[in-house]
Amino acid sequence: MLTLALSTFRDRWRLFAGAIVAVALGVAIVQSSLLVMVATDRAPIPPGTTGRAREELQEGYAGAATLLGMTVLLSAFLTVFIVSSTFAFTVAQRRRDLALLRIVGGGRRQLVLLLLAEAVLLGLLGAALGVLAGLPAAWAQARLLIALGFLPGGFAPVWDSGVLAASFCVGIGVSLAGVLTAARRAASVRPLEALRETGGAARVMTPARWLSGLTALALTVWMVTLAQSAELLGAMMMALGISITGAIALSALSPLAVPLAGRALGVLLRAGPLGDLAQANLRDGVRRSASTAAPLIVLVALLLGLSGTLGSLALLTGEEQRRLVAGDLVVTSPGAAAADKVATMPGVAAASPELPVPMSVTVRHHEEGRSWRRTHYAGIIAIDAASYRRTHHLRLRAGSLARLHGRTIALGPGMAGEGIRLGSTVTAEIGGHRVRLKVVAALRETLENYSETFLVPRDLIPAAALAEAKTHTVVQIAPGASTTTVRAAIGAARLGKVQTIDQWADDRIAVQQRGNIGILAVLMGMAGGYAAVAVINAVLIAGTERRAEFATARVTGLTRPQVVRAALIESWAVTSIGLVLGCAVAAGALSGMLAASLHATGRPLVAVPWTLLAGITVTAYAVTGITSICATLAATRPPPVTLLSSHD
Amino acid sequence: MTITAAIAAELRDVTREYGLGNARVRALDGVSLAFPAGSWTAVMGPSGSGKSTLLHCAAGLDRVTGGRVFLAGREVTGAPDRVLTDLRRRTMGFVFQNFNLIGSLTAEQNVALPLRLARTRVARADVRAVLAAVGLGDRLRHRPRELSGGQQQRVAIARAMVTRPAVLFADEPTGALDSASARTVLALLREMVDRDGQSIAMVTHDPAAAAWADAVVFLSDGRLVDRLVRPSAREVAERLATLEAAPC
C-alpha cells in the first residue's frame, strides 16, 4: 500500500500541492503559536516591576494567549477543510483507478488504507515544511504581538524541541481528519466503474452532506429569527454563530446553491456563445464550481460577519458612552490644576473632572461559591460625586453615589460582574498608606471593554498624587452660553484639548477598537491566506482535469483564446456566486445586530465593513481570474488532437 | 456437482434490467450459458446486444436482476463484497480494451499488484517469469506510458495471469490495438489455452479476433441466438452481418 501511495503521490503531486501548502501553513501557525505561548509562560517578570506594570504584563500575556488560541483553532479548522476538499476532489478524479484496484483484488479496507497512507505522507511532508516555516513564523508572530501591544518589547520566542512532536502530530492529525470522508467515499467505489468509460458519476450531494448542510441551515435560520428579538449580547453571540453555521450550511449545500445562483446569473451570461458555454459548464461541473465557491463563502461569511459584528458593537458602545454623559464638551488636561480651572471658566454650568489615580485596591471576589482576593491597579478614577452625578446619566446597580465621601469607594462598570459585595470593605494603598474603604455604590455594566474599575472620592486622595494625572473633564454649558465661545475660551486658556462629546466618544472607542482590529487583522489575514490556497487549488485541479474537455471545445471550433475566455467567465461567475452567498450569510449575522441596536437605541447602528468587502471582492476576482487563465493556458498548450486520441 | 468442475463460469437463466418505468431496459433476457474449462469462448453481437453486461454478470461485477451465476463451481449470485473480492484475487483475471494499467507503477509493479493486494508473498522470480512468458522480460522497469499499446496489453495479461486464475475475462482485448499487435496478443491467449488449459471468456466485435476462440456465441437484444464451434473469421462475420441486418 505504501509503494502505491508513494507512487500515486509522485505522479499526482500537483493534486496534492494545495493540501501540502495548507498543512504546512497549519503546522507553522500551530508551532509558532506554541513556541510563543511557551515563551510567555517562561518569561520571568523582571524584579522590581511595580504592581501596575505586572498587571499590564499579565493582561498582555492573557490577551496574547487568547489570540494565539483563536489562531490555532481557526487554522486547524481551515486546514482540515482544505485537506478534506482536496481529497474529496482526488477521489472523484481517481474513481477509475480506485475501481481498477478493486478489480485486481483490492478490498474495501485496502482502498481506505491507501488513502490513509496518502494522508500520512501528505501530513509528514506538510509537517516537515511547516516545521521549517514555523521558525520564522514564531519570530514574525512575536513581532506582531509586540506591535499589537500584547507582549513587551524585546520579547523573543524560545525554542523547545518538544514542539517538534506536537508539529508532526498536528500535521498528520489534520491530514487524517481531512481524509476520513474521502476514504469512506473511496470504499464505496464499485469495481465495475473501471469498465465503464464514463462511469457512474459520483453523486455530489451525499447523504452526509445533505444532513450536515440542512442541519446547519436550520440552525442558521433559527438563530436569525431568534436574533431579531435578542438583547445586544445575545445578538452578538448569535451573529458569530450565524456566520459559522451559515458558512457551513451554504458551503455544504453549495452544489445545490451554485447552479441555482448560476441560473440567476444566466440572464447576464447569455450575451454570447462563450457566456452560454460558461453557464452550461457552471451547471454541469457542479463539484468543480462548488469547490471554488465554498472557500469564498466561508471566507466572506466569517470575515464580514465577524468584523461587522465587532464594528457594530463599537458603534453601539460609542452611542452608549454618548448617552451616559450629560454634557456638551470634554476637556482632556495634563493635570489636576488645569482641570480644576475648567469649572471657573465663564459659561460653564458644571464640570466634572475624572482623575486617574496611581493606587491599588485589594478586594474579595465572590463567584459561584468560591471567593478570592485580588489587587487591581488599572482604571481607578477619583471624582467629585456631586458634579459627577450632575454630568452623567447614572445607571446604578446598587447603592448611591451621594454616599461617596470620605473612606468610601464605588464599583465602576468594569467591576460589575466580579462578585464584589456592596457594604464590604476593601483595602486601598495610596502613596504608601493603607486605608480601608467601604463599598457604597455599584454602577451598571457598560459595553466598553476597559472601563473604570473603581470610583473613589476626590477628597480621599492627596493633591500631590493627582498633580500630573491625565484628566477628562465633562463640561456642561450654562443655558444661553454659546458652545463655540466656551470651547474657544477653554482652548485659549490652555487648559487642555477640547472635544465635543461625539468626538470624545469616537476617540475612546477607537482606542478600544485598536486591539480588536489588530486581533481581527491577524485572523483575517490568515483566513484569507487559507481561502486563497483553497481557491487556487480548486481552480488549478479543475483546469488540469479539463484538458480533454477543452480539447473537445477547440476541435468544435473554439480558438484557444476563446476557450481561455469561456473558462475565465465561468470562474468569475463562480466567484460572484461565492461572494454573494457569503454576503447573504453575513447579512443574516448582522440582521440581529440591527434589530438589537434598534431595540436598544432606536437607531440602526450597524457597521457594514464596505472597505473590507471591496478588498475581498477585488482580490477574489484577481486571484480566481489569474489562476484560471494560467490553468487554462497550461491545459490547452498541447494540440487538441493529442489529448483526444490518447486514453487517460 | 461434478459437472461444474468442468465449467469455469456459468449463467443460468440470467436477466439484467436497468432503469425504472418507461426507461427500463432489459440488457439480458433469460440467458443460460456455460464457459467450459480449458476452453476459449468468444461472445459476439451487435452494439447494445448486451455482451458487455453478460461479461460483467458472469464475473460477479454486476448484480443480476434474475437467475443465478456460478464461478468455478461457487455460486456468486448475491454474494457479499468480501467473497467477491476474494474471488477476484484468486479465481478471476481481467483484461480490458484500454489496458487499465496503473500509470505510476512499472510493468513489474503492475504485475505484482494483485499478489500484494491478496497479501501473498511476492516472489520476484514468478513475476518476472510471467512477464517473460508474455515476451516482456526486458521491459520490467518501464512504465505504461513508455510501452506500445500491444506491450501494455501484454503487461495487463501478465497481471491477470500472475494469480493463476480459473478464468480470464477479456473485454475487447484487441479493440485498441493495430492488427499486428492484436495478432501477437491473440496468439498469446491461444497458447495459454492450448498449453496450460486456461479458460477464457472474451467479448469482442471483431470477427478476426473471435475466430481465434474455440467457440463463438452470438447475442442479440439480450438473448443468445447462435453458437459456432471453431468458425473461420468469414463465417463469424457473415453471421454477425445477418444479425445486424435483422429488423429491430
# chains A, B, ... in the order shown; residues from 1 in each chain; ligands from 1
>>> select_by_dssp(residues="segment 7-56 of chain A", states="helix (DSSP H, G or I)", output="JSON list (two decimals) with C-alpha atoms, in the first residue's frame")
[["chain", "number", "residue", "atom", "x", "y", "z"],
["A", 7, "SER", "CA", 3.87, 6.33, -6.49],
["A", 8, "THR", "CA", 0.43, 7.98, -6.62],
["A", 9, "PHE", "CA", 1.89, 10.83, -4.69],
["A", 10, "ARG", "CA", 4.83, 11.17, -7.05],
["A", 11, "ASP", "CA", 2.56, 11.05, -10.06],
["A", 13, "TRP", "CA", 1.75, 15.76, -6.62],
["A", 14, "ARG", "CA", 0.07, 18.66, -8.37],
["A", 15, "LEU", "CA", -3.25, 17.48, -6.99],
["A", 16, "PHE", "CA", -1.82, 17.45, -3.51],
["A", 17, "ALA", "CA", 0.23, 20.65, -3.70],
["A", 18, "GLY", "CA", -2.53, 22.83, -2.30],
["A", 19, "ALA", "CA", -3.20, 20.44, 0.57],
["A", 20, "ILE", "CA", 0.52, 20.26, 1.39],
["A", 21, "VAL", "CA", 0.73, 24.04, 1.49],
["A", 22, "ALA", "CA", -2.35, 24.12, 3.74],
["A", 23, "VAL", "CA", -0.89, 21.52, 6.12],
["A", 24, "ALA", "CA", 2.46, 23.34, 6.15],
["A", 25, "LEU", "CA", 0.68, 26.60, 6.90],
["A", 26, "GLY", "CA", -1.35, 24.98, 9.66],
["A", 27, "VAL", "CA", 1.68, 23.30, 11.24],
["A", 28, "ALA", "CA", 3.72, 26.50, 11.02],
["A", 29, "ILE", "CA", 0.99, 28.51, 12.73],
["A", 30, "VAL", "CA", 0.36, 25.93, 15.45],
["A", 31, "GLN", "CA", 4.08, 25.51, 16.09],
["A", 32, "SER", "CA", 4.85, 29.20, 16.26],
["A", 33, "SER", "CA", 1.83, 29.82, 18.49],
["A", 34, "LEU", "CA", 3.00, 27.07, 20.82],
["A", 35, "LEU", "CA", 6.52, 28.46, 20.91],
["A", 36, "VAL", "CA", 5.25, 31.95, 21.71],
["A", 37, "MET", "CA", 2.96, 30.53, 24.40],
["A", 38, "VAL", "CA", 5.82, 28.55, 25.92],
["A", 39, "ALA", "CA", 7.90, 31.71, 25.90],
["A", 40, "THR", "CA", 5.19, 33.79, 27.63],
["A", 41, "ASP", "CA", 4.87, 31.05, 30.20],
["A", 42, "ARG", "CA", 8.60, 31.05, 30.89],
["A", 51, "GLY", "CA", 2.16, 46.05, 40.67],
["A", 52, "ARG", "CA", 0.56, 48.14, 37.94],
["A", 53, "ALA", "CA", 3.17, 47.06, 35.37],
["A", 54, "ARG", "CA", 2.82, 43.43, 36.41],
["A", 55, "GLU", "CA", -0.95, 43.65, 35.95],
["A", 56, "GLU", "CA", -0.45, 45.10, 32.48]]
>>> select_by_dssp(residues="segment 5-205 of chain B", states="strand (DSSP E or B)", output="MDAnalysis selection string")
chainID B and resid 7:18 25:36 40:44 66:71 74:75 92:95 167:171 199:203
>>> residues_around(residues="segment 359-366 of chain A", least_positions_apart="5", cutoff="7 Å", atoms="only C-alpha atoms", output="ChimeraX atom specification")
/A:371-377,418-420,426-430
>>> closest_atom_pairs(of="segment 301-356 of chain A", to="segment 490-494 of chain A", cutoff="10 Å", atoms="only C-alpha atoms", output="JSON lines")
{"residue": "A:Val331", "atom": "CA", "partner": "A:Ile490", "partner_atom": "CA", "distance": 8.3}
{"residue": "A:Ser333", "atom": "CA", "partner": "A:Arg494", "partner_atom": "CA", "distance": 8.9}
{"residue": "A:Ala338", "atom": "CA", "partner": "A:Arg494", "partner_atom": "CA", "distance": 8.1}
{"residue": "A:Lys341", "atom": "CA", "partner": "A:Ile490", "partner_atom": "CA", "distance": 9.2}
{"residue": "A:Val342", "atom": "CA", "partner": "A:Ile490", "partner_atom": "CA", "distance": 7.0}
{"residue": "A:Met345", "atom": "CA", "partner": "A:Ile490", "partner_atom": "CA", "distance": 7.2}
{"residue": "A:Pro346", "atom": "CA", "partner": "A:Ile490", "partner_atom": "CA", "distance": 9.3}
{"residue": "A:Val348", "atom": "CA", "partner": "A:Ile490", "partner_atom": "CA", "distance": 9.9}
>>> closest_atom_pairs(of="chain B", to="chain A", cutoff="8 Å", atoms="only C-alpha atoms", output="JSON lines")
{"residue": "B:His56", "atom": "CA", "partner": "A:Leu192", "partner_atom": "CA", "distance": 7.5}
{"residue": "B:Leu61", "atom": "CA", "partner": "A:Leu192", "partner_atom": "CA", "distance": 5.5}
{"residue": "B:Asp62", "atom": "CA", "partner": "A:Leu192", "partner_atom": "CA", "distance": 6.8}
{"residue": "B:Arg82", "atom": "CA", "partner": "A:Gly107", "partner_atom": "CA", "distance": 7.3}
{"residue": "B:Thr85", "atom": "CA", "partner": "A:Gly105", "partner_atom": "CA", "distance": 5.6}
{"residue": "B:Asp86", "atom": "CA", "partner": "A:Gly105", "partner_atom": "CA", "distance": 6.9}
{"residue": "B:Leu87", "atom": "CA", "partner": "A:Gly105", "partner_atom": "CA", "distance": 7.9}
{"residue": "B:Arg88", "atom": "CA", "partner": "A:Gly105", "partner_atom": "CA", "distance": 5.0}
{"residue": "B:Arg89", "atom": "CA", "partner": "A:Gly105", "partner_atom": "CA", "distance": 4.4}
{"residue": "B:Gly93", "atom": "CA", "partner": "A:Val104", "partner_atom": "CA", "distance": 7.3}
{"residue": "B:Phe94", "atom": "CA", "partner": "A:Val104", "partner_atom": "CA", "distance": 7.4}
{"residue": "B:Phe96", "atom": "CA", "partner": "A:Leu195", "partner_atom": "CA", "distance": 7.5}
{"residue": "B:Asn98", "atom": "CA", "partner": "A:His647", "partner_atom": "CA", "distance": 7.2}
{"residue": "B:Asn100", "atom": "CA", "partner": "A:Leu100", "partner_atom": "CA", "distance": 7.1}
{"residue": "B:Ile102", "atom": "CA", "partner": "A:Asp97", "partner_atom": "CA", "distance": 7.2}
{"residue": "B:Ser104", "atom": "CA", "partner": "A:Ser7", "partner_atom": "CA", "distance": 5.6}
{"residue": "B:Leu105", "atom": "CA", "partner": "A:Ser7", "partner_atom": "CA", "distance": 6.7}
{"residue": "B:Leu113", "atom": "CA", "partner": "A:Val104", "partner_atom": "CA", "distance": 7.8}
{"residue": "B:Pro114", "atom": "CA", "partner": "A:Val104", "partner_atom": "CA", "distance": 5.4}
{"residue": "B:Leu117", "atom": "CA", "partner": "A:Gly106", "partner_atom": "CA", "distance": 5.4}
{"residue": "B:Ala118", "atom": "CA", "partner": "A:Gly105", "partner_atom": "CA", "distance": 6.6}
{"residue": "B:Ala160", "atom": "CA", "partner": "A:Val104", "partner_atom": "CA", "distance": 7.7}
>>> atom_distance(atom1="atom CA of Arg603 of chain A", atom2="atom CA of Ala314 of chain A")
14.0 Å
>>> residues_around(residues="Met44 of chain B", least_positions_apart="4", cutoff="10 Å", atoms="only C-alpha atoms", output="VMD selection string")
chain B and resid 49 to 52 202 to 207 210 216 to 220 224 226 to 227 236 239 to 240
